[in-house]
file work.pdb (PDB, C-alpha atoms, pLDDT in the B column)
ATOM      1  CA  MET W  28     185.162 242.169  62.465  1.00 65.00           C
ATOM      2  CA  MET W  29     185.481 245.266  60.275  1.00 62.00           C
ATOM      3  CA  GLN W  30     187.770 243.282  57.963  1.00 66.00           C
ATOM      4  CA  GLY W  31     185.492 240.220  58.027  1.00 70.00           C
ATOM      5  CA  MET W  32     188.023 238.124  59.959  1.00 80.00           C
ATOM      6  CA  VAL W  33     185.670 236.943  62.715  1.00 82.00           C
ATOM      7  CA  SER W  34     182.002 236.016  62.942  1.00 82.00           C
ATOM      8  CA  GLU W  35     179.474 238.147  64.802  1.00 77.00           C
ATOM      9  CA  LYS W  36     179.325 235.520  67.569  1.00 80.00           C
ATOM     10  CA  THR W  37     183.118 235.476  67.966  1.00 86.00           C
ATOM     11  CA  ALA W  38     183.253 239.264  67.819  1.00 81.00           C
ATOM     12  CA  GLY W  39     180.774 239.401  70.723  1.00 79.00           C
ATOM     13  CA  ARG W  40     183.001 237.143  72.819  1.00 85.00           C
ATOM     14  CA  LEU W  41     186.075 239.195  71.971  1.00 86.00           C
ATOM     15  CA  ALA W  42     184.203 242.394  72.853  1.00 83.00           C
ATOM     16  CA  GLN W  43     183.195 240.920  76.206  1.00 86.00           C
ATOM     17  CA  ALA W  44     186.787 239.852  76.929  1.00 89.00           C
ATOM     18  CA  LYS W  45     188.154 243.269  75.938  1.00 88.00           C
ATOM     19  CA  SER W  46     185.654 245.044  78.149  1.00 89.00           C
ATOM     20  CA  VAL W  47     186.355 242.863  81.209  1.00 92.00           C
ATOM     21  CA  MET W  48     190.146 243.068  80.724  1.00 93.00           C
ATOM     22  CA  TYR W  49     189.906 246.853  80.485  1.00 92.00           C
ATOM     23  CA  TRP W  50     187.837 246.943  83.682  1.00 93.00           C
ATOM     24  CA  HIS W  51     190.407 244.826  85.552  1.00 95.00           C
ATOM     25  CA  SER W  52     193.249 247.090  84.400  1.00 94.00           C
ATOM     26  CA  ARG W  53     191.445 250.160  85.763  1.00 92.00           C
ATOM     27  CA  HIS W  54     190.125 248.745  89.066  1.00 93.00           C
ATOM     28  CA  ARG W  55     193.116 247.245  90.843  1.00 95.00           C
ATOM     29  CA  PHE W  56     192.410 249.309  93.949  1.00 97.00           C
ATOM     30  CA  CYS W  57     189.296 249.577  96.098  1.00 97.00           C
ATOM     31  CA  SER W  58     187.271 252.732  95.528  1.00 95.00           C
ATOM     32  CA  ASN W  59     186.015 252.421  99.115  1.00 96.00           C
ATOM     33  CA  CYS W  60     189.308 252.277 101.066  1.00 98.00           C
ATOM     34  CA  GLY W  61     192.134 252.340  98.497  1.00 97.00           C
ATOM     35  CA  ALA W  62     193.563 248.877  99.267  1.00 98.00           C
ATOM     36  CA  GLU W  63     194.528 246.525  96.462  1.00 97.00           C
ATOM     37  CA  THR W  64     191.726 244.273  95.218  1.00 97.00           C
ATOM     38  CA  GLN W  65     191.841 240.614  94.182  1.00 97.00           C
ATOM     39  CA  VAL W  66     190.082 238.866  91.308  1.00 97.00           C
ATOM     40  CA  GLY W  67     186.997 236.849  92.301  1.00 96.00           C
ATOM     41  CA  ALA W  68     184.162 234.912  90.649  1.00 96.00           C
ATOM     42  CA  ALA W  69     186.325 233.801  87.716  1.00 94.00           C
ATOM     43  CA  GLY W  70     187.084 237.418  86.836  1.00 94.00           C
ATOM     44  CA  TRP W  71     183.562 238.795  87.178  1.00 95.00           C
ATOM     45  CA  LYS W  72     184.292 240.744  90.350  1.00 97.00           C
ATOM     46  CA  ARG W  73     187.142 242.155  92.414  1.00 97.00           C
ATOM     47  CA  VAL W  74     187.188 241.874  96.198  1.00 98.00           C
ATOM     48  CA  CYS W  75     188.975 244.126  98.665  1.00 97.00           C
ATOM     49  CA  ALA W  76     190.822 242.089 101.308  1.00 94.00           C
ATOM     50  CA  ALA W  77     190.924 245.118 103.643  1.00 97.00           C
ATOM     51  CA  CYS W  78     187.286 246.247 103.785  1.00 98.00           C
ATOM     52  CA  LYS W  79     185.587 243.290 102.006  1.00 97.00           C
ATOM     53  CA  ALA W  80     183.916 245.558  99.427  1.00 98.00           C
ATOM     54  CA  GLU W  81     182.960 243.800  96.209  1.00 97.00           C
ATOM     55  CA  HIS W  82     183.365 245.560  92.868  1.00 97.00           C
ATOM     56  CA  PHE W  83     181.739 244.492  89.604  1.00 96.00           C
ATOM     57  CA  PRO W  84     182.340 245.421  85.943  1.00 93.00           C
ATOM     58  CA  ARG W  85     180.290 248.355  84.758  1.00 89.00           C
ATOM     59  CA  THR W  86     178.730 249.191  81.445  1.00 89.00           C
ATOM     60  CA  ASP W  87     178.335 252.797  80.378  1.00 92.00           C
ATOM     61  CA  PRO W  88     175.059 253.559  78.540  1.00 96.00           C
ATOM     62  CA  VAL W  89     175.379 255.464  75.284  1.00 97.00           C
ATOM     63  CA  VAL W  90     172.461 256.622  73.157  1.00 98.00           C
ATOM     64  CA  ILE W  91     172.799 256.497  69.399  1.00 98.00           C
ATOM     65  CA  MET W  92     169.922 258.048  67.553  1.00 98.00           C
ATOM     66  CA  LEU W  93     168.443 258.883  64.232  1.00 98.00           C
ATOM     67  CA  ALA W  94     166.518 262.147  64.211  1.00 98.00           C
ATOM     68  CA  VAL W  95     163.854 262.150  61.497  1.00 98.00           C
ATOM     69  CA  SER W  96     161.654 264.827  59.995  1.00 98.00           C
ATOM     70  CA  GLY W  97     159.099 263.552  57.509  1.00 96.00           C
ATOM     71  CA  ASP W  98     161.070 261.808  54.769  1.00 96.00           C
ATOM     72  CA  LYS W  99     164.484 263.024  55.954  1.00 98.00           C
ATOM     73  CA  CYS W 100     166.970 261.780  58.568  1.00 98.00           C
ATOM     74  CA  LEU W 101     169.753 263.711  60.268  1.00 98.00           C
ATOM     75  CA  LEU W 102     173.278 262.320  59.981  1.00 98.00           C
ATOM     76  CA  GLY W 103     176.564 263.792  61.108  1.00 98.00           C
ATOM     77  CA  ARG W 104     180.264 263.221  60.862  1.00 97.00           C
ATOM     78  CA  GLN W 105     182.915 263.526  63.548  1.00 95.00           C
ATOM     79  CA  PRO W 106     186.392 264.866  62.761  1.00 94.00           C
ATOM     80  CA  ARG W 107     187.901 261.384  63.293  1.00 94.00           C
ATOM     81  CA  PHE W 108     185.631 259.748  60.673  1.00 94.00           C
ATOM     82  CA  PRO W 109     187.092 258.792  57.299  1.00 94.00           C
ATOM     83  CA  LYS W 110     186.312 261.298  54.538  1.00 95.00           C
ATOM     84  CA  GLY W 111     182.725 260.906  53.301  1.00 96.00           C
ATOM     85  CA  MET W 112     181.434 258.843  56.242  1.00 96.00           C
ATOM     86  CA  PHE W 113     178.187 259.987  57.887  1.00 98.00           C
ATOM     87  CA  SER W 114     176.508 258.296  60.834  1.00 98.00           C
ATOM     88  CA  ALA W 115     173.783 258.598  63.443  1.00 98.00           C
ATOM     89  CA  LEU W 116     174.552 260.974  66.318  1.00 98.00           C
ATOM     90  CA  ALA W 117     175.549 259.477  69.673  1.00 97.00           C
ATOM     91  CA  GLY W 118     176.516 260.414  73.210  1.00 96.00           C
ATOM     92  CA  PHE W 119     176.785 259.179  76.788  1.00 96.00           C
ATOM     93  CA  VAL W 120     173.782 259.103  79.105  1.00 97.00           C
ATOM     94  CA  GLU W 121     174.405 261.373  82.099  1.00 96.00           C
ATOM     95  CA  GLY W 122     173.611 260.433  85.698  1.00 93.00           C
ATOM     96  CA  GLY W 123     169.928 260.848  86.557  1.00 95.00           C
ATOM     97  CA  GLU W 124     168.940 261.197  82.897  1.00 97.00           C
ATOM     98  CA  THR W 125     166.379 259.069  81.055  1.00 98.00           C
ATOM     99  CA  LEU W 126     167.318 257.576  77.696  1.00 98.00           C
ATOM    100  CA  GLU W 127     164.724 259.791  76.026  1.00 98.00           C
ATOM    101  CA  ASP W 128     166.143 262.937  77.614  1.00 98.00           C
ATOM    102  CA  ALA W 129     169.691 261.890  76.669  1.00 98.00           C
ATOM    103  CA  VAL W 130     168.598 261.481  73.027  1.00 98.00           C
ATOM    104  CA  ARG W 131     166.963 264.922  72.984  1.00 98.00           C
ATOM    105  CA  ARG W 132     169.906 266.589  74.741  1.00 98.00           C
ATOM    106  CA  GLU W 133     172.567 265.058  72.507  1.00 98.00           C
ATOM    107  CA  ILE W 134     170.773 265.979  69.278  1.00 98.00           C
ATOM    108  CA  LYS W 135     170.194 269.517  70.562  1.00 98.00           C
ATOM    109  CA  GLU W 136     173.822 269.897  71.711  1.00 98.00           C
ATOM    110  CA  GLU W 137     175.444 268.452  68.594  1.00 98.00           C
ATOM    111  CA  ALA W 138     173.132 269.699  65.837  1.00 98.00           C
ATOM    112  CA  GLY W 139     170.841 272.311  67.405  1.00 98.00           C
ATOM    113  CA  ILE W 140     167.709 270.301  66.566  1.00 98.00           C
ATOM    114  CA  SER W 141     164.868 270.027  69.103  1.00 98.00           C
ATOM    115  CA  CYS W 142     163.145 266.640  69.231  1.00 98.00           C
ATOM    116  CA  GLY W 143     159.901 265.326  70.694  1.00 98.00           C
ATOM    117  CA  LYS W 144     158.882 261.669  70.717  1.00 98.00           C
ATOM    118  CA  VAL W 145     161.731 259.163  71.166  1.00 98.00           C
ATOM    119  CA  THR W 146     161.318 255.470  70.365  1.00 97.00           C
ATOM    120  CA  TYR W 147     163.676 252.662  71.365  1.00 97.00           C
ATOM    121  CA  MET W 148     164.817 250.486  68.435  1.00 96.00           C
ATOM    122  CA  ALA W 149     167.735 248.185  69.352  1.00 95.00           C
ATOM    123  CA  SER W 150     170.958 247.907  71.339  1.00 93.00           C
ATOM    124  CA  GLN W 151     174.527 246.743  70.787  1.00 90.00           C
ATOM    125  CA  PRO W 152     177.475 246.170  73.126  1.00 85.00           C
ATOM    126  CA  TRP W 153     180.335 248.468  72.175  1.00 82.00           C
ATOM    127  CA  PRO W 154     183.692 247.597  73.781  1.00 74.00           C
ATOM    128  CA  PHE W 155     185.397 250.954  73.309  1.00 76.00           C
ATOM    129  CA  PRO W 156     185.990 250.442  76.130  1.00 81.00           C
ATOM    130  CA  CYS W 157     182.825 249.146  77.862  1.00 86.00           C
ATOM    131  CA  SER W 158     179.617 250.699  76.590  1.00 90.00           C
ATOM    132  CA  LEU W 159     176.132 249.631  75.623  1.00 92.00           C
ATOM    133  CA  MET W 160     174.824 251.495  72.573  1.00 95.00           C
ATOM    134  CA  ILE W 161     171.063 252.061  72.886  1.00 97.00           C
ATOM    135  CA  GLY W 162     169.563 252.845  69.497  1.00 98.00           C
ATOM    136  CA  CYS W 163     166.594 255.196  69.217  1.00 98.00           C
ATOM    137  CA  LEU W 164     164.532 257.081  66.678  1.00 98.00           C
ATOM    138  CA  ALA W 165     163.663 260.716  67.508  1.00 98.00           C
ATOM    139  CA  GLU W 166     161.042 262.943  65.911  1.00 98.00           C
ATOM    140  CA  ALA W 167     162.607 266.304  65.029  1.00 98.00           C
ATOM    141  CA  GLU W 168     160.546 269.408  65.795  1.00 98.00           C
ATOM    142  CA  ASP W 169     162.568 271.648  63.471  1.00 96.00           C
ATOM    143  CA  GLU W 170     165.172 271.269  60.716  1.00 97.00           C
ATOM    144  CA  LYS W 171     167.576 274.200  61.218  1.00 98.00           C
ATOM    145  CA  ILE W 172     170.987 272.680  61.907  1.00 98.00           C
ATOM    146  CA  THR W 173     173.444 274.489  64.165  1.00 98.00           C
ATOM    147  CA  ILE W 174     176.571 272.328  64.465  1.00 97.00           C
ATOM    148  CA  ASP W 175     178.665 272.087  67.614  1.00 96.00           C
ATOM    149  CA  VAL W 176     182.059 272.235  65.876  1.00 95.00           C
ATOM    150  CA  THR W 177     183.828 270.587  68.818  1.00 95.00           C
ATOM    151  CA  GLU W 178     181.675 267.462  68.240  1.00 94.00           C
ATOM    152  CA  LEU W 179     180.954 267.432  64.510  1.00 97.00           C
ATOM    153  CA  ASP W 180     182.584 268.424  61.241  1.00 96.00           C
ATOM    154  CA  ASP W 181     179.275 268.328  59.416  1.00 97.00           C
ATOM    155  CA  ALA W 182     175.603 267.417  59.848  1.00 98.00           C
ATOM    156  CA  ARG W 183     172.924 267.338  57.196  1.00 98.00           C
ATOM    157  CA  TRP W 184     169.518 265.994  56.327  1.00 98.00           C
ATOM    158  CA  PHE W 185     169.423 262.979  53.996  1.00 98.00           C
ATOM    159  CA  SER W 186     166.293 262.032  52.066  1.00 98.00           C
ATOM    160  CA  ARG W 187     164.997 258.490  52.522  1.00 97.00           C
ATOM    161  CA  GLU W 188     166.173 257.721  48.975  1.00 97.00           C
ATOM    162  CA  ASP W 189     169.687 259.017  49.655  1.00 98.00           C
ATOM    163  CA  ALA W 190     169.815 257.216  53.023  1.00 98.00           C
ATOM    164  CA  LEU W 191     168.978 253.967  51.240  1.00 97.00           C
ATOM    165  CA  LYS W 192     171.720 254.622  48.685  1.00 97.00           C
ATOM    166  CA  LEU W 193     174.075 255.392  51.584  1.00 97.00           C
ATOM    167  CA  VAL W 194     173.521 252.015  53.323  1.00 96.00           C
ATOM    168  CA  GLU W 195     173.749 250.198  49.993  1.00 96.00           C
ATOM    169  CA  GLY W 196     177.029 251.950  49.136  1.00 94.00           C
ATOM    170  CA  ARG W 197     175.534 253.727  46.102  1.00 96.00           C
ATOM    171  CA  LEU W 198     175.701 257.393  47.181  1.00 96.00           C
ATOM    172  CA  ASP W 199     178.693 258.948  45.397  1.00 95.00           C
ATOM    173  CA  GLY W 200     181.334 260.186  47.820  1.00 94.00           C
ATOM    174  CA  PHE W 201     179.402 259.164  50.941  1.00 97.00           C
ATOM    175  CA  PHE W 202     179.135 256.041  53.068  1.00 96.00           C
ATOM    176  CA  CYS W 203     177.954 254.977  56.531  1.00 96.00           C
ATOM    177  CA  PRO W 204     179.348 252.598  59.184  1.00 94.00           C
ATOM    178  CA  PRO W 205     179.539 248.871  58.271  1.00 91.00           C
ATOM    179  CA  LYS W 206     176.565 246.502  58.544  1.00 90.00           C
ATOM    180  CA  PHE W 207     177.457 245.129  61.995  1.00 86.00           C
ATOM    181  CA  ALA W 208     177.325 248.628  63.544  1.00 91.00           C
ATOM    182  CA  ILE W 209     174.081 249.702  65.171  1.00 94.00           C
ATOM    183  CA  ALA W 210     174.305 253.044  63.328  1.00 96.00           C
ATOM    184  CA  HIS W 211     174.067 251.173  60.029  1.00 96.00           C
ATOM    185  CA  GLN W 212     171.079 249.188  61.289  1.00 96.00           C
ATOM    186  CA  LEU W 213     169.246 252.328  62.450  1.00 97.00           C
ATOM    187  CA  ILE W 214     169.768 254.104  59.145  1.00 98.00           C
ATOM    188  CA  ALA W 215     168.918 251.008  57.087  1.00 98.00           C
ATOM    189  CA  SER W 216     165.728 250.217  59.029  1.00 97.00           C
ATOM    190  CA  TRP W 217     164.442 253.770  58.598  1.00 97.00           C
ATOM    191  CA  ALA W 218     165.518 254.054  54.943  1.00 97.00           C
ATOM    192  CA  ARG W 219     163.743 250.804  54.063  1.00 96.00           C
ATOM    193  CA  GLY W 220     160.557 251.940  55.804  1.00 94.00           C
ATOM    194  CA  GLU W 221     160.773 249.200  58.462  1.00 93.00           C
ATOM    195  CA  VAL W 222     160.226 251.828  61.174  1.00 86.00           C
ATOM    196  CA  VAL W 223     158.141 254.974  61.000  1.00 67.00           C
TER     197      VAL W 223
END
call {"tool": "encode", "arguments": {"input": "work.pdb", "output": "structure tokens"}}
result
Amino acid sequence: MMQGMVSEKTAGRLAQAKSVMYWHSRHRFCSNCGAETQVGAAGWKRVCAACKAEHFPRTDPVVIMLAVSGDKCLLGRQPRFPKGMFSALAGFVEGGETLEDAVRREIKEEAGISCGKVTYMASQPWPFPCSLMIGCLAEAEDEKITIDVTELDDARWFSREDALKLVEGRLDGFFCPPKFAIAHQLIASWARGEVV
């Protein structure tokens, strides 16, 4: 999809297939008794012949969020990103944690920014390997960035004008994820004033 070789609809089907195939490769044995499991329900479950336990594919929730302060948004870059690429921050939701608390924790851990109100915006399946990206907007309570260098190479505030240039590919030396990525949609929606 990144090279424009498949449609969004086809990419969704391929993502679903990749996720389910990954799950099958990692769940050949019963987590209840350790016996080998068999495919059931046309691949949508695995059944243990020994203890009869049924196992189903799982989806791991991931929050991806745009912290905003007035007319600025916080973007970061991971070490694995291509040079010049900035994106929304993201991280896995931990057991027993609300989405809102996960957003606040991840922003605090990665960039040192405390946030208050969190608003849900959109979601996107992400088959790397089997996640659901849950997009949110978070209101920053301060602007002093303290980067966790194990997570990020850089983090900075972008003005609304620069964020708009970023999504339109007009900000010299900088770019964001492609249009099909939820990070792009979060940044674009905020930059265009579609969300407050």
call {"tool": "resolve_selection", "arguments": {"input": "work.pdb", "expression": "the PyMOL selection byres ((chain W and resi 114) around 9)", "output": "list in words"}}
result
Leu93, Leu101, Leu102, Gly103, Arg104, Gln105, Met112, Phe113, Ala115, Leu116, Ala117, Phe202, Cys203, Pro204, Ala210, His211 and Ile214 of chain W
call {"tool": "residues_around", "arguments": {"input": "work.pdb", "residues": "Glu121 of chain W", "least_positions_apart": "5", "cutoff": "10 Å", "atoms": "only C-alpha atoms", "output": "PyMOL selection string"}}
result
chain W and resi 87-89+126+128-129
call {"tool": "atom_distance", "arguments": {"input": "work.pdb", "atom1": "atom CA of Ile140 of chain W", "atom2": "atom CA of Cys163 of chain W"}}
result
15.4 Å
call {"tool": "residues_around", "arguments": {"input": "work.pdb", "residues": "segment 65-72 of chain W", "least_positions_apart": "3", "cutoff": "9 Å", "atoms": "only C-alpha atoms", "output": "PDB file with C-alpha atoms, in the frame of the given file"}}
result
ATOM      1  CA  VAL W  47     186.355 242.863  81.209  1.00 92.00           C
ATOM      2  CA  MET W  48     190.146 243.068  80.724  1.00 93.00           C
ATOM      3  CA  HIS W  51     190.407 244.826  85.552  1.00 95.00           C
ATOM      4  CA  ARG W  55     193.116 247.245  90.843  1.00 95.00           C
ATOM      5  CA  PHE W  56     192.410 249.309  93.949  1.00 97.00           C
ATOM      6  CA  CYS W  75     188.975 244.126  98.665  1.00 97.00           C
ATOM      7  CA  ALA W  76     190.822 242.089 101.308  1.00 94.00           C
ATOM      8  CA  GLU W  81     182.960 243.800  96.209  1.00 97.00           C
ATOM      9  CA  HIS W  82     183.365 245.560  92.868  1.00 97.00           C
ATOM     10  CA  PHE W  83     181.739 244.492  89.604  1.00 96.00           C
ATOM     11  CA  PRO W  84     182.340 245.421  85.943  1.00 93.00           C
TER      12      PRO W  84
END
call {"tool": "resolve_selection", "arguments": {"input": "work.pdb", "expression": "the PyMOL selection byres ((chain W and resi 44) around 12)", "output": "PyMOL selection string"}}
result
chain W and resi 37-43+45-51+70-71+84+152-157
call {"tool": "write_last_selection", "arguments": {"input": "work.pdb", "atoms": "C-alpha atoms", "output": "CSV table (one decimal), keeping the file's coordinate frame"}}
result
chain,number,residue,atom,x,y,z
W,37,THR,CA,183.1,235.5,68.0
W,38,ALA,CA,183.3,239.3,67.8
W,39,GLY,CA,180.8,239.4,70.7
W,40,ARG,CA,183.0,237.1,72.8
W,41,LEU,CA,186.1,239.2,72.0
W,42,ALA,CA,184.2,242.4,72.9
W,43,GLN,CA,183.2,240.9,76.2
W,45,LYS,CA,188.2,243.3,75.9
W,46,SER,CA,185.7,245.0,78.1
W,47,VAL,CA,186.4,242.9,81.2
W,48,MET,CA,190.1,243.1,80.7
W,49,TYR,CA,189.9,246.9,80.5
W,50,TRP,CA,187.8,246.9,83.7
W,51,HIS,CA,190.4,244.8,85.6
W,70,GLY,CA,187.1,237.4,86.8
W,71,TRP,CA,183.6,238.8,87.2
W,84,PRO,CA,182.3,245.4,85.9
W,152,PRO,CA,177.5,246.2,73.1
W,153,TRP,CA,180.3,248.5,72.2
W,154,PRO,CA,183.7,247.6,73.8
W,155,PHE,CA,185.4,251.0,73.3
W,156,PRO,CA,186.0,250.4,76.1
W,157,CYS,CA,182.8,249.1,77.9
call {"tool": "atom_distance", "arguments": {"input": "work.pdb", "atom1": "atom CA of Thr177 of chain W", "atom2": "atom CA of Arg53 of chain W"}}
result
27.6 Å
call {"tool": "closest_residue", "arguments": {"input": "work.pdb", "among": "W:Val120, W:Cys57, W:Ile91, W:Ala215", "to": "Ser150 of chain W", "atoms": "all atoms listed in the file"}}
result
W:Ile91
call {"tool": "atom_distance", "arguments": {"input": "work.pdb", "atom1": "atom CA of Val194 of chain W", "atom2": "atom CA of Glu35 of chain W"}}
result
19.0 Å
call {"tool": "resolve_selection", "arguments": {"input": "work.pdb", "expression": "the PyMOL selection byres ((chain W and resi 218-220) around 6)", "output": "mmCIF file with C-alpha atoms, keeping the file's coordinate frame"}}
result
data_model
loop_
_atom_site.group_PDB
_atom_site.id
_atom_site.type_symbol
_atom_site.label_atom_id
_atom_site.label_comp_id
_atom_site.auth_asym_id
_atom_site.auth_seq_id
_atom_site.Cartn_x
_atom_site.Cartn_y
_atom_site.Cartn_z
ATOM 1 C CA ARG W 187 164.997 258.490 52.522
ATOM 2 C CA ALA W 190 169.815 257.216 53.023
ATOM 3 C CA LEU W 191 168.978 253.967 51.240
ATOM 4 C CA ILE W 214 169.768 254.104 59.145
ATOM 5 C CA ALA W 215 168.918 251.008 57.087
ATOM 6 C CA SER W 216 165.728 250.217 59.029
ATOM 7 C CA TRP W 217 164.442 253.770 58.598
ATOM 8 C CA GLU W 221 160.773 249.200 58.462
ATOM 9 C CA VAL W 222 160.226 251.828 61.174
#
call {"tool": "axis_aligned_box", "arguments": {"input": "work.pdb", "around": "segment 129-142 of chain W", "padding_each_side": "8 Å", "output": "AutoDock Vina command-line options"}}
result
--center_x 169.3 --center_y 266.9 --center_z 71.3 --size_x 28.3 --size_y 26.8 --size_z 26.8
call {"tool": "residues_around", "arguments": {"input": "work.pdb", "residues": "Ile134 of chain W", "least_positions_apart": "4", "cutoff": "12 Å", "atoms": "only C-alpha atoms", "output": "PyMOL selection string"}}
result
chain W and resi 90-95+101-103+115-119+127-130+138-143+145+163-175+178-179+182
call {"tool": "residues_around", "arguments": {"input": "work.pdb", "residues": "Ser186 of chain W", "least_positions_apart": "5", "cutoff": "8 Å", "atoms": "all atoms listed in the file", "output": "JSON, numbers by chain"}}
result
{"W": [98, 99, 100]}
